[in-house]
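Enquirer: First the structure, then my questions, so here it is.
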Amino acid sequence: MNLNNIQVYNVADVNQYIKGLMDHDALLAALAVRGEISNYKLYPSGHHYFSLKDESGAIRCVMFRSDGARLRFRPQNGMKVVALGRVTVFPRDGQYQLYCRDLVPDGVGALHQAFEQLRDRLGREGLFDPGRKRPLPPYPTRVVLVTSPAGAAVRDLLRVLGARWPMASVLLIPVRVQGEGAWEEIARAIRWAGRTRAGDLIITGRGGGSMEDLWAFNEEGVARAIAHCPIPVISAVGHEPDVTIADYAADLRAATPSNGAELAVPDQVEVRAALANLSGRMVQALRSRLERERRQVKRLRESRVLVDPMAPIQDRRMLLDYHQRGLTAAARGGLWERKEKMAALAAALDALSPLKVLGRGYSMVLRDKQAVVSVDQVSPGDPITVTMGDGTLACVVEKRRKKHGRKKADL
């Protein structure tokens, strides 16, 4: 091939030429592409790199940090989105790609997607667990309002609080509730109120609006400030259908700011009625007790012990005499029985007495103060004592003799 008549370009020139063509193409300069995110990577630089694909093809995409910072949600693989941007060539490697300025979830708004992601993530952390919820004080003395000082919400809050429970003082911490930097002010006010114990409870919220208007109460910083606040927090944002991340994190959700004030304090009319009821019951109870005490005093006043104080003593004296007579009779009867028994025993003992026997002509022989009942107990020459009915004889054994005429040799 003869190259003399052919213009030869280097790679960079070709890439730059193609880039110029694409940059001047009106369609490619503002393009919306629908597809599914794949190969998503977030680099430390803050740039987002990913691909958009469908059934037939794929296109490389990049979103720089300045554009990615405005995203309300975190891109994820498999998420269907519409990417807005321009298509051009990166001259260094000749690859064309879509430079995204914005990403919108396909079929679901970006704010809604961001809401769902943050709610799920904080929920997994346990930030919304019922066990973290604290009970509200039944009779608060100081209520802190974290809201805009110029909106209708603060007027509703003050009106309801003043009508229901004027005994409580109100501290208003003015903050912006919409726009750039609003969530930082709300979170900072809640943290300050909790740190300084500025009140018994906090009500934070605002009136109704679009999701964009309420977004300050969907920020993670506000949710964490509410969850970690040491005093109870009521979230009163928007209207009944409006639900924010702050509602999940708060100790109690109110449908509206007015409802938040109703939940925060008791109704003085109801409290007065309850106190009046308790007062009536207490008076009735005191009257009933007083009547019982009066009846008791009357019974005591009419009792015999007070009418005739000596009567109980006389009754007891008679009872004592009765018992004394009984004891005396019992003692005499027992003594007589014992006397008769003793006489019988004495007669029996007397009948068995040796002295009785001696009185009939018998005698008793003793040796060394021991009764001699056998001739074998003495020997000739032994001294013995013979006791008779009227005295004793001192004797000496001369000999001894057994019955039946049998003799023992003399000793």
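Residue numbers start at 1 in each chain; chains themselves are named A, B, ... in the order of the structure tokens; ligands are numbered from 1 in the order shown.
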Determine, counting only C-alpha atoms, which protein, DNA and RNA residues have an atom within 8 Å of an atom of Glu212 (chain A); residues of the same chain fewer than 3 positions away are not included. Present the result as a ChimeraX atom specification.

Expert: /A:111,209,215

Enquirer: Find the residues near His48 (chain A): any atom within 10 Å, counting only C-alpha atoms, skip ones fewer than 4 places away on the same chain, and give them as a list in words.

Expert: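 Listed by chain and then number, they are Tyr40, Lys41, Leu42, Tyr43, Pro44, Cys61, Val62, Met63, Phe64, Arg65, Asp67, Gly68, Pro75 and Cys100 of chain A.
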
Enquirer: Residues within 12 Å of Val14 (chain A), please, as a list in words. Count only C-alpha atoms; anything in the same chain fewer than 2 positions from it doesn't count.

Expert: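 After dropping sequence-adjacent residues, the list is Gln7, Val8, Tyr9, Asn10, Val11, Ala12, Gln16, Tyr17, Ile18, Lys19, Gly20, Leu21, Val89, Phe90, Pro91, Arg92, Asp93, Gly94 and Gln95 of chain A.
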
Enquirer: What residues in region 13-199 of chain A get the DSSP label strand (DSSP E)? Please answer as an MDAnalysis selection string.

Expert: chainID A and resid 31:42 48:53 58:63 80:90 95:105 142:147 169:174

Enquirer: Ranking A:Gly221, A:Pro312, A:Gly46, A:Pro130 by minimum distance to Gly181 (chain A) and counting only C-alpha atoms, which one comes first?

Expert: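 With only C-alpha atoms as the atom set, the closest residue is A:Gly221.
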